[in-house]
>>> print(open('structure-v7.csv').read())   # CSV, C-alpha atoms and all ligand atoms
chain,number,residue,atom,x,y,z
A,7,MET,CA,0.0,0.0,0.0
A,8,LYS,CA,1.2,3.5,-0.8
A,9,VAL,CA,0.7,6.8,1.1
A,10,ASN,CA,0.9,10.3,-0.2
A,11,PHE,CA,3.6,11.5,2.1
A,12,GLY,CA,4.1,15.1,3.2
A,13,GLY,CA,7.0,15.0,5.6
A,14,PHE,CA,8.3,13.7,8.9
A,15,VAL,CA,9.6,15.3,12.1
A,16,PRO,CA,11.5,12.8,14.1
A,17,LEU,CA,11.0,14.6,17.5
A,18,SER,CA,8.5,17.2,18.5
A,19,THR,CA,7.6,18.5,21.9
A,20,VAL,CA,4.9,20.9,20.7
A,21,ASP,CA,2.5,18.7,18.8
A,22,TRP,CA,1.2,16.8,21.9
A,23,ARG,CA,1.7,18.7,25.1
A,24,GLY,CA,3.4,16.6,27.7
A,25,ARG,CA,4.6,14.0,25.3
A,26,ALA,CA,7.6,13.7,23.0
A,27,VAL,CA,6.3,12.5,19.7
A,28,CYS,CA,7.3,12.2,16.1
A,29,THR,CA,5.0,13.8,13.5
A,30,VAL,CA,4.0,12.4,10.2
A,31,PHE,CA,2.5,14.8,7.7
A,32,LEU,CA,0.2,13.3,5.1
A,33,ARG,CA,-0.2,15.2,1.8
A,34,GLY,CA,-3.4,16.5,0.4
A,35,CYS,CA,-6.3,18.6,1.9
A,36,PRO,CA,-9.6,19.5,0.2
A,37,VAL,CA,-9.9,22.7,2.2
A,38,ARG,CA,-8.0,25.8,1.3
A,39,CYS,CA,-7.6,27.9,4.4
A,40,ASP,CA,-6.0,31.3,3.6
A,41,TYR,CA,-3.9,31.0,6.7
A,42,CYS,CA,-2.6,27.4,6.1
A,43,HIS,CA,1.0,27.0,7.2
A,44,ASN,CA,1.4,23.8,5.2
A,45,ARG,CA,0.4,25.0,1.8
A,46,SER,CA,3.2,23.1,0.1
A,47,ILE,CA,1.5,19.8,1.0
A,48,GLN,CA,-2.1,20.8,0.4
A,49,ASP,CA,-1.8,18.9,-2.9
A,50,GLY,CA,0.8,17.2,-5.1
A,51,GLU,CA,2.1,13.7,-5.0
A,52,ASP,CA,4.9,11.9,-3.2
A,53,PHE,CA,3.8,8.4,-2.9
A,54,ARG,CA,5.8,6.2,-0.5
A,55,SER,CA,5.3,2.6,0.7
A,56,ILE,CA,3.7,2.3,4.1
A,57,GLU,CA,6.7,0.2,5.1
A,58,GLU,CA,9.0,3.2,4.4
A,59,VAL,CA,7.0,5.5,6.6
A,60,ILE,CA,6.7,2.9,9.3
A,61,SER,CA,10.5,2.5,9.3
A,62,LEU,CA,10.8,6.3,9.6
A,63,ILE,CA,8.6,6.2,12.7
A,64,HIS,CA,10.7,3.3,14.0
A,65,THR,CA,13.8,5.4,13.9
A,66,SER,CA,12.2,7.7,16.5
A,67,ARG,CA,10.9,4.9,18.6
A,68,LEU,CA,13.5,5.3,21.4
A,69,LEU,CA,13.0,9.1,21.6
A,70,VAL,CA,9.2,9.3,21.7
A,71,SER,CA,6.1,7.8,23.3
A,72,GLY,CA,3.7,8.8,20.6
A,73,VAL,CA,3.1,9.8,17.0
A,74,VAL,CA,1.0,12.6,15.6
A,75,PHE,CA,-0.6,12.4,12.2
A,76,SER,CA,-1.0,15.8,10.7
A,77,GLY,CA,-1.1,17.3,7.2
A,78,GLY,CA,-2.5,18.3,4.9
A,79,GLU,CA,-5.5,16.4,6.1
A,80,PRO,CA,-4.4,13.0,7.4
A,81,THR,CA,-8.0,11.5,7.4
A,82,LEU,CA,-8.2,12.0,3.6
A,83,GLN,CA,-6.1,8.8,3.2
A,84,LYS,CA,-8.2,6.4,5.2
A,85,ALA,CA,-6.6,3.0,4.4
A,86,PRO,CA,-3.0,4.2,4.7
A,87,LEU,CA,-3.7,6.1,7.9
A,88,LEU,CA,-5.4,3.0,9.4
A,89,ALA,CA,-2.4,0.9,8.4
A,90,LEU,CA,0.1,3.4,9.8
A,91,ALA,CA,-1.8,3.8,13.1
A,92,SER,CA,-2.1,0.0,13.4
A,93,ALA,CA,1.7,-0.3,13.0
A,94,CYS,CA,2.3,2.4,15.6
A,95,ARG,CA,0.0,0.6,18.0
A,96,LYS,CA,2.1,-2.5,17.6
A,97,MET,CA,5.2,-0.4,18.5
A,98,GLY,CA,3.4,0.7,21.7
A,99,LEU,CA,3.1,4.3,20.6
A,100,ALA,CA,0.2,6.6,21.6
A,101,ILE,CA,-1.5,8.0,18.5
A,102,GLY,CA,-2.7,11.5,17.9
A,103,VAL,CA,-4.6,12.9,14.9
A,104,GLN,CA,-4.9,16.6,13.9
A,105,THR,CA,-7.9,17.0,11.7
A,106,ASN,CA,-10.3,19.4,10.0
A,107,GLY,CA,-13.1,16.9,10.5
A,108,VAL,CA,-14.2,16.6,6.8
A,109,PHE,CA,-13.7,12.8,6.7
A,110,PRO,CA,-15.8,11.5,9.7
A,111,ALA,CA,-15.7,7.9,8.4
A,112,THR,CA,-12.0,7.8,8.9
A,113,LEU,CA,-12.3,9.1,12.4
A,114,GLU,CA,-15.0,6.5,13.0
A,115,ALA,CA,-12.8,3.7,11.8
A,116,LEU,CA,-9.9,4.8,13.9
A,117,LEU,CA,-12.1,5.0,17.0
A,118,GLU,CA,-13.8,1.7,16.3
A,119,ARG,CA,-10.4,0.0,16.1
A,120,ARG,CA,-9.1,1.9,19.1
A,121,LEU,CA,-6.3,3.3,17.0
A,122,VAL,CA,-6.4,6.8,18.3
A,123,ASP,CA,-5.7,8.3,21.7
A,124,ARG,CA,-6.0,12.0,21.0
A,125,ILE,CA,-7.9,14.0,18.4
A,126,ALA,CA,-7.5,17.7,17.8
A,127,LEU,CA,-10.4,18.9,15.7
A,128,ASP,CA,-10.3,22.3,14.0
A,129,LEU,CA,-13.6,24.2,13.9
A,130,LYS,CA,-13.2,27.0,11.4
A,131,THR,CA,-16.3,29.1,12.0
A,132,ARG,CA,-20.0,29.0,13.0
A,133,TRP,CA,-22.0,26.3,11.3
A,134,GLU,CA,-24.1,28.7,9.1
A,135,ARG,CA,-20.9,30.2,7.7
A,136,TYR,CA,-19.0,26.9,7.2
A,137,ASP,CA,-19.7,25.9,3.6
A,138,ASN,CA,-19.4,29.5,2.4
A,139,LEU,CA,-16.0,29.8,4.1
A,140,LEU,CA,-14.7,26.5,2.9
A,141,LYS,CA,-16.4,26.9,-0.5
A,142,ARG,CA,-17.6,23.3,-0.4
A,143,LYS,CA,-20.4,21.5,1.4
A,144,PHE,CA,-18.6,20.2,4.4
A,145,VAL,CA,-20.7,21.3,7.4
A,146,ASP,CA,-22.5,18.0,7.8
A,147,LYS,CA,-19.3,16.1,7.8
A,148,VAL,CA,-17.6,18.3,10.4
A,149,GLN,CA,-20.7,18.2,12.6
A,150,ARG,CA,-20.6,14.4,12.4
A,151,SER,CA,-16.9,14.4,13.3
A,152,LEU,CA,-17.6,16.6,16.3
A,153,LEU,CA,-20.4,14.3,17.4
A,154,ILE,CA,-18.5,11.0,17.1
A,155,CYS,CA,-15.4,12.4,18.8
A,156,ARG,CA,-17.5,13.8,21.6
A,157,GLN,CA,-19.3,10.5,22.1
A,158,ALA,CA,-16.1,8.5,22.1
A,159,TYR,CA,-14.5,11.0,24.6
A,160,GLU,CA,-17.5,10.8,26.9
A,161,LYS,CA,-17.5,7.0,26.8
A,162,GLY,CA,-13.8,7.0,27.6
A,163,GLU,CA,-12.9,5.5,24.3
A,164,LEU,CA,-11.0,8.6,23.3
A,165,PRO,CA,-8.7,9.7,26.1
A,166,GLU,CA,-8.0,13.2,24.8
A,167,PHE,CA,-10.2,15.4,22.6
A,168,GLU,CA,-9.8,19.1,21.9
A,169,VAL,CA,-11.5,21.5,19.7
A,170,VAL,CA,-9.2,24.1,18.2
A,171,ILE,CA,-10.4,27.6,17.1
A,172,THR,CA,-7.9,29.7,15.1
A,173,LEU,CA,-8.6,33.3,16.0
A,174,PHE,CA,-8.0,36.4,13.9
A,175,ARG,CA,-8.3,40.1,14.8
A,176,GLY,CA,-11.8,41.3,13.9
A,177,CYS,CA,-13.3,37.8,14.2
A,178,GLU,CA,-13.0,37.3,17.9
A,179,ASP,CA,-16.8,36.8,18.3
A,180,GLU,CA,-16.4,33.4,16.6
A,181,ALA,CA,-14.9,32.1,19.8
A,182,GLN,CA,-18.1,32.4,21.8
A,183,TYR,CA,-20.2,30.5,19.2
A,184,ILE,CA,-17.7,27.7,18.7
A,185,ALA,CA,-17.1,27.4,22.5
A,186,ARG,CA,-20.8,26.6,22.9
A,187,GLU,CA,-20.4,23.8,20.4
A,188,ALA,CA,-17.4,22.5,22.2
A,189,ASN,CA,-19.0,22.5,25.6
A,190,GLY,CA,-17.6,19.8,27.8
A,191,VAL,CA,-14.4,19.2,25.9
A,192,ASP,CA,-11.0,20.9,25.9
A,193,LEU,CA,-11.0,24.2,24.0
A,194,VAL,CA,-7.9,25.7,22.4
A,195,LEU,CA,-7.7,29.3,21.2
A,196,GLN,CA,-5.0,29.4,18.6
A,197,GLN,CA,-3.4,32.6,17.4
A,198,GLY,CA,-4.2,33.0,13.7
A,199,VAL,CA,-1.5,34.6,11.5
A,200,LEU,CA,-2.6,35.9,8.1
A,201,GLY,CA,-0.8,38.4,5.8
A,202,THR,CA,-0.6,41.9,7.2
A,203,ILE,CA,-3.3,41.5,9.8
A,204,ALA,CA,-1.6,41.9,13.2
A,205,PRO,CA,-2.1,38.6,15.2
A,206,LEU,CA,-3.9,38.8,18.4
A,207,THR,CA,-1.6,39.1,21.4
A,208,LEU,CA,-1.7,36.7,24.3
A,209,ALA,CA,-3.3,39.4,26.4
A,210,GLU,CA,-6.0,40.0,23.8
A,211,MET,CA,-6.6,36.3,23.5
A,212,LYS,CA,-7.0,36.1,27.3
A,213,ARG,CA,-9.7,38.7,27.0
A,214,VAL,CA,-11.5,36.6,24.5
A,215,GLY,CA,-11.1,33.7,26.9
A,216,ASP,CA,-12.6,35.8,29.7
A,217,GLN,CA,-15.8,36.1,27.8
A,218,LEU,CA,-16.2,32.3,27.5
A,219,GLY,CA,-16.6,31.6,31.2
A,220,ARG,CA,-14.5,28.4,31.0
A,221,ARG,CA,-10.9,27.2,31.1
A,222,VAL,CA,-9.1,27.3,27.8
A,223,LYS,CA,-5.7,26.6,26.3
A,224,ILE,CA,-4.2,29.5,24.4
A,225,ARG,CA,-1.6,29.0,21.8
A,226,THR,CA,0.6,31.8,20.5
A,227,ARG,CA,3.8,31.9,18.6
A,228,GLU,CA,5.4,34.0,21.3
A,229,GLU,CA,4.4,32.0,24.4
A,230,GLY,CA,3.6,28.5,23.1
A,231,GLU,CA,0.6,26.9,24.9
A,232,VAL,CA,-0.7,28.2,28.2
A,233,GLU,CA,-3.6,27.0,30.2
A,234,TYR,CA,-5.8,29.9,31.1
A,235,GLU,CA,-8.3,29.8,33.9
A,236,GLY,CA,-9.9,33.1,32.9
A,237,ASP,CA,-11.2,35.9,35.0
A,238,ARG,CA,-13.2,34.0,37.6
A,239,SER,CA,-15.1,37.1,38.7
A,240,ARG,CA,-16.6,37.2,35.2
A,241,TRP,CA,-17.6,33.5,35.5
A,242,ILE,CA,-19.4,34.2,38.7
A,243,ALA,CA,-21.1,37.2,37.2
A,244,ARG,CA,-22.3,35.0,34.3
A,245,GLU,CA,-23.6,32.3,36.6
A,246,ARG,CA,-25.8,34.7,38.6
A,301,LIG,S1,-7.7,22.4,6.8
A,301,LIG,FE1,-5.6,22.5,7.7
A,301,LIG,S2,-4.2,21.6,6.1
A,301,LIG,FE2,-6.2,22.1,5.1
A,301,LIG,S3,-5.8,24.1,4.2
A,301,LIG,FE3,-6.8,24.4,6.2
A,301,LIG,S4,-5.1,24.7,7.6
A,301,LIG,FE4,-4.2,23.8,5.7
>>> encode(input="structure-v7.csv", output="structure tokens", more="lines below")
Ligand code: SF4
Amino acid sequence: MKVNFGGFVPLSTVDWRGRAVCTVFLRGCPVRCDYCHNRSIQDGEDFRSIEEVISLIHTSRLLVSGVVFSGGEPTLQKAPLLALASACRKMGLAIGVQTNGVFPATLEALLERRLVDRIALDLKTRWERYDNLLKRKFVDKVQRSLLICRQAYEKGELPEFEVVITLFRGCEDEAQYIAREANGVDLVLQQGVLGTIAPLTLAEMKRVGDQLGRRVKIRTREEGEVEYEGDRSRWIARER
């Protein structure tokens, strides 16, 4: 079996907080986010045998306790991803997947086979804007992905699940809407970087977090990932 390969990082301490992992990038993504940092692997072809990629992962085996599949969109390649995840399981590695959620059947298959320990699901915008933003009809798929990940997480079949929002200046209000959809699961506010628009600072992102009335993780280029409890006086005010 072949996989459309996008790249390999033998050791990462940022792709799965608290774990040293290797990261496998799978090529190809049907979405075209303006802010994508991996444009070079949104399309194109670099087919490798599954065995070649497994042997790359094996070279990291002594350094890492997990593997993260990223992209591109790793769930686009269902059979190769399942084969790679299965091989990683046999190596005793924890398995993480970063996804935009447009291929729920792949997530379902990974979950059914217990081949994933952590899913980070990007939610791009509020549901009514989704298809317009992505310029394709994906909203049903992403809603399905959110549902099946949430159910697996609540049943204890998925140990770690987080929803990731990429925030841009002028679009901060998206956070409140998406946070409601992500109620009960970990929520990450990720700093968006796009062209000449000044990225939100950590302080500004904390202010967005304060309005959500819940704990969040905030990721910025400058500070990495921080856990933010928020302004609890606001929480109390909201609860009254
Ligand atoms: S979904 Fe992810 S990989 Fe695909 S274009 Fe957007 S940011 Fe890039």
>>> residues_around(input="structure-v7.csv", residues="Arg213 in chain A", least_positions_apart="5", cutoff="10 Å", atoms="only C-alpha atoms", output="list in words")
Glu178, Thr207, Leu208, Leu218, Gly236 and Asp237 of chain A
>>> closest_atom_pairs(input="structure-v7.csv", of="chain A", to="ligand LIG 301 (chain A)", cutoff="6 Å", atoms="all atoms listed in the file", output="tab-separated table")
residue	atom	partner	partner_atom	distance
A:Cys35	CA	A:LIG301	FE2	4.7
A:Val37	CA	A:LIG301	FE2	4.7
A:Arg38	CA	A:LIG301	S3	4.0
A:Cys39	CA	A:LIG301	FE3	4.0
A:Cys42	CA	A:LIG301	FE4	4.0
A:Asn44	CA	A:LIG301	FE4	5.6
A:Gly77	CA	A:LIG301	S2	5.4
A:Gly78	CA	A:LIG301	S2	3.9
A:Glu79	CA	A:LIG301	S2	5.4
A:Asn106	CA	A:LIG301	S1	5.1
>>> atom_distance(input="structure-v7.csv", atom1="CA of Gln104 in chain A", atom2="CA of Val20 in chain A")
12.7 Å
>>> atom_distance(input="structure-v7.csv", atom1="CA of Glu134 in chain A", atom2="CA of Gln217 in chain A")
21.8 Å
>>> closest_residue(input="structure-v7.csv", among="A:Asp216, A:Glu233, A:Glu57, A:Asp123", to="Cys155 in chain A", atoms="only C-alpha atoms")
A:Asp123
>>> atom_distance(input="structure-v7.csv", atom1="CA of Ile184 in chain A", atom2="CA of Thr29 in chain A")
27.1 Å
>>> closest_residue(input="structure-v7.csv", among="A:Gly12, A:Pro110, A:Gly72, A:Gly176", to="Arg45 in chain A", atoms="all atoms listed in the file")
A:Gly12
>>> residues_near_point(input="structure-v7.csv", point="(-2.4, 14.1, 8.3)", cutoff="8 Å", atoms="only C-alpha atoms", output="mmCIF file with C-alpha atoms, in the frame of the given file")
data_model
loop_
_atom_site.group_PDB
_atom_site.id
_atom_site.type_symbol
_atom_site.label_atom_id
_atom_site.label_comp_id
_atom_site.auth_asym_id
_atom_site.auth_seq_id
_atom_site.Cartn_x
_atom_site.Cartn_y
_atom_site.Cartn_z
ATOM 1 C CA VAL A 30 4.000 12.400 10.200
ATOM 2 C CA PHE A 31 2.500 14.800 7.700
ATOM 3 C CA LEU A 32 0.200 13.300 5.100
ATOM 4 C CA ARG A 33 -0.200 15.200 1.800
ATOM 5 C CA PHE A 75 -0.600 12.400 12.200
ATOM 6 C CA SER A 76 -1.000 15.800 10.700
ATOM 7 C CA GLY A 77 -1.100 17.300 7.200
ATOM 8 C CA GLY A 78 -2.500 18.300 4.900
ATOM 9 C CA GLU A 79 -5.500 16.400 6.100
ATOM 10 C CA PRO A 80 -4.400 13.000 7.400
ATOM 11 C CA THR A 81 -8.000 11.500 7.400
ATOM 12 C CA LEU A 82 -8.200 12.000 3.600
ATOM 13 C CA VAL A 103 -4.600 12.900 14.900
ATOM 14 C CA GLN A 104 -4.900 16.600 13.900
ATOM 15 C CA THR A 105 -7.900 17.000 11.700
#
>>> residues_around(input="structure-v7.csv", residues="Ala204 in chain A", least_positions_apart="6", cutoff="10 Å", atoms="all atoms listed in the file", output="list in words")
Phe174, Arg175 and Gly198 of chain A
>>> residues_around(input="structure-v7.csv", residues="Val169 in chain A", least_positions_apart="2", cutoff="6 Å", atoms="all atoms listed in the file", output="list in words")
Ala126, Leu127, Asp128 and Leu193 of chain A
>>> closest_residue(input="structure-v7.csv", among="A:Ile125, A:Met97, A:Ile224, A:Val70", to="Pro16 in chain A", atoms="all atoms listed in the file")
A:Val70
>>> decode(input="structure-v7.csv", residues="range 74-104 of chain A", atoms="N, CA, C and O atoms", output="tab-separated table (two decimals), in the first residue's frame")
chain	number	residue	atom	x	y	z
A	74	VAL	N	2.08	11.71	16.04
A	74	VAL	CA	0.97	12.58	15.63
A	74	VAL	C	0.88	12.56	14.11
A	74	VAL	O	1.88	12.74	13.42
A	75	PHE	N	-0.33	12.32	13.61
A	75	PHE	CA	-0.58	12.40	12.18
A	75	PHE	C	-1.22	13.75	11.88
A	75	PHE	O	-2.25	14.10	12.46
A	76	SER	N	-0.56	14.50	11.00
A	76	SER	CA	-1.00	15.84	10.68
A	76	SER	C	-0.99	15.99	9.17
A	76	SER	O	-0.87	15.01	8.43
A	77	GLY	N	-1.14	17.21	8.70
A	77	GLY	CA	-1.14	17.34	7.24
A	77	GLY	C	-0.92	18.77	6.80
A	77	GLY	O	-0.36	19.55	7.56
A	78	GLY	N	-1.51	19.05	5.63
A	78	GLY	CA	-2.54	18.34	4.92
A	78	GLY	C	-3.67	17.86	5.85
A	78	GLY	O	-3.80	18.33	6.96
A	79	GLU	N	-4.43	16.95	5.33
A	79	GLU	CA	-5.51	16.38	6.13
A	79	GLU	C	-5.28	14.87	6.20
A	79	GLU	O	-5.55	14.15	5.23
A	80	PRO	N	-4.81	14.38	7.35
A	80	PRO	CA	-4.43	12.96	7.41
A	80	PRO	C	-5.60	12.01	7.18
A	80	PRO	O	-5.41	10.91	6.65
A	81	THR	N	-6.82	12.42	7.55
A	81	THR	CA	-7.95	11.48	7.42
A	81	THR	C	-8.42	11.35	5.97
A	81	THR	O	-9.28	10.51	5.68
A	82	LEU	N	-7.88	12.16	5.07
A	82	LEU	CA	-8.18	12.02	3.63
A	82	LEU	C	-7.76	10.64	3.13
A	82	LEU	O	-8.38	10.07	2.25
A	83	GLN	N	-6.69	10.10	3.69
A	83	GLN	CA	-6.14	8.82	3.23
A	83	GLN	C	-6.48	7.74	4.26
A	83	GLN	O	-5.65	7.37	5.09
A	84	LYS	N	-7.72	7.27	4.15
A	84	LYS	CA	-8.24	6.40	5.21
A	84	LYS	C	-7.43	5.10	5.36
A	84	LYS	O	-6.94	4.81	6.45
A	85	ALA	N	-7.31	4.34	4.30
A	85	ALA	CA	-6.64	3.03	4.43
A	85	ALA	C	-5.17	3.18	4.84
A	85	ALA	O	-4.72	2.50	5.77
A	86	PRO	N	-4.41	4.09	4.22
A	86	PRO	CA	-3.02	4.24	4.67
A	86	PRO	C	-2.91	4.71	6.13
A	86	PRO	O	-2.06	4.24	6.88
A	87	LEU	N	-3.80	5.60	6.52
A	87	LEU	CA	-3.74	6.09	7.91
A	87	LEU	C	-4.04	4.96	8.89
A	87	LEU	O	-3.36	4.81	9.92
A	88	LEU	N	-5.05	4.15	8.56
A	88	LEU	CA	-5.37	3.02	9.44
A	88	LEU	C	-4.18	2.05	9.51
A	88	LEU	O	-3.85	1.55	10.59
A	89	ALA	N	-3.55	1.80	8.39
A	89	ALA	CA	-2.40	0.88	8.38
A	89	ALA	C	-1.25	1.45	9.20
A	89	ALA	O	-0.61	0.73	9.99
A	90	LEU	N	-0.99	2.74	9.06
A	90	LEU	CA	0.10	3.36	9.82
A	90	LEU	C	-0.22	3.37	11.31
A	90	LEU	O	0.65	3.07	12.15
A	91	ALA	N	-1.46	3.71	11.64
A	91	ALA	CA	-1.84	3.75	13.06
A	91	ALA	C	-1.75	2.36	13.68
A	91	ALA	O	-1.30	2.19	14.82
A	92	SER	N	-2.15	1.36	12.92
A	92	SER	CA	-2.09	0.00	13.43
A	92	SER	C	-0.63	-0.40	13.69
A	92	SER	O	-0.31	-1.01	14.73
A	93	ALA	N	0.26	-0.03	12.79
A	93	ALA	CA	1.69	-0.35	13.00
A	93	ALA	C	2.23	0.39	14.22
A	93	ALA	O	3.02	-0.16	14.99
A	94	CYS	N	1.79	1.63	14.40
A	94	CYS	CA	2.25	2.41	15.56
A	94	CYS	C	1.75	1.78	16.86
A	94	CYS	O	2.46	1.77	17.87
A	95	ARG	N	0.53	1.28	16.83
A	95	ARG	CA	-0.01	0.60	18.01
A	95	ARG	C	0.88	-0.58	18.39
A	95	ARG	O	1.21	-0.79	19.56
A	96	LYS	N	1.26	-1.32	17.35
A	96	LYS	CA	2.10	-2.51	17.61
A	96	LYS	C	3.45	-2.10	18.18
A	96	LYS	O	4.07	-2.86	18.91
A	97	MET	N	3.90	-0.88	17.87
A	97	MET	CA	5.17	-0.38	18.45
A	97	MET	C	4.96	0.14	19.87
A	97	MET	O	5.90	0.59	20.51
A	98	GLY	N	3.72	0.20	20.31
A	98	GLY	CA	3.43	0.69	21.66
A	98	GLY	C	3.33	2.20	21.74
A	98	GLY	O	3.42	2.78	22.84
A	99	LEU	N	3.13	2.86	20.61
A	99	LEU	CA	3.06	4.32	20.61
A	99	LEU	C	1.63	4.81	20.83
A	99	LEU	O	0.67	4.21	20.30
A	100	ALA	N	1.49	5.90	21.56
A	100	ALA	CA	0.20	6.60	21.61
A	100	ALA	C	0.02	7.32	20.28
A	100	ALA	O	1.00	7.74	19.64
A	101	ILE	N	-1.25	7.47	19.88
A	101	ILE	CA	-1.52	7.99	18.53
A	101	ILE	C	-2.42	9.23	18.60
A	101	ILE	O	-3.50	9.20	19.19
A	102	GLY	N	-1.94	10.30	17.98
A	102	GLY	CA	-2.72	11.53	17.91
A	102	GLY	C	-3.03	11.88	16.45
A	102	GLY	O	-2.24	11.56	15.56
A	103	VAL	N	-4.17	12.52	16.24
A	103	VAL	CA	-4.56	12.94	14.89
A	103	VAL	C	-5.02	14.40	14.95
A	103	VAL	O	-5.85	14.75	15.80
A	104	GLN	N	-4.46	15.21	14.07
A	104	GLN	CA	-4.93	16.59	13.91
A	104	GLN	C	-5.78	16.65	12.66
A	104	GLN	O	-5.32	16.25	11.58
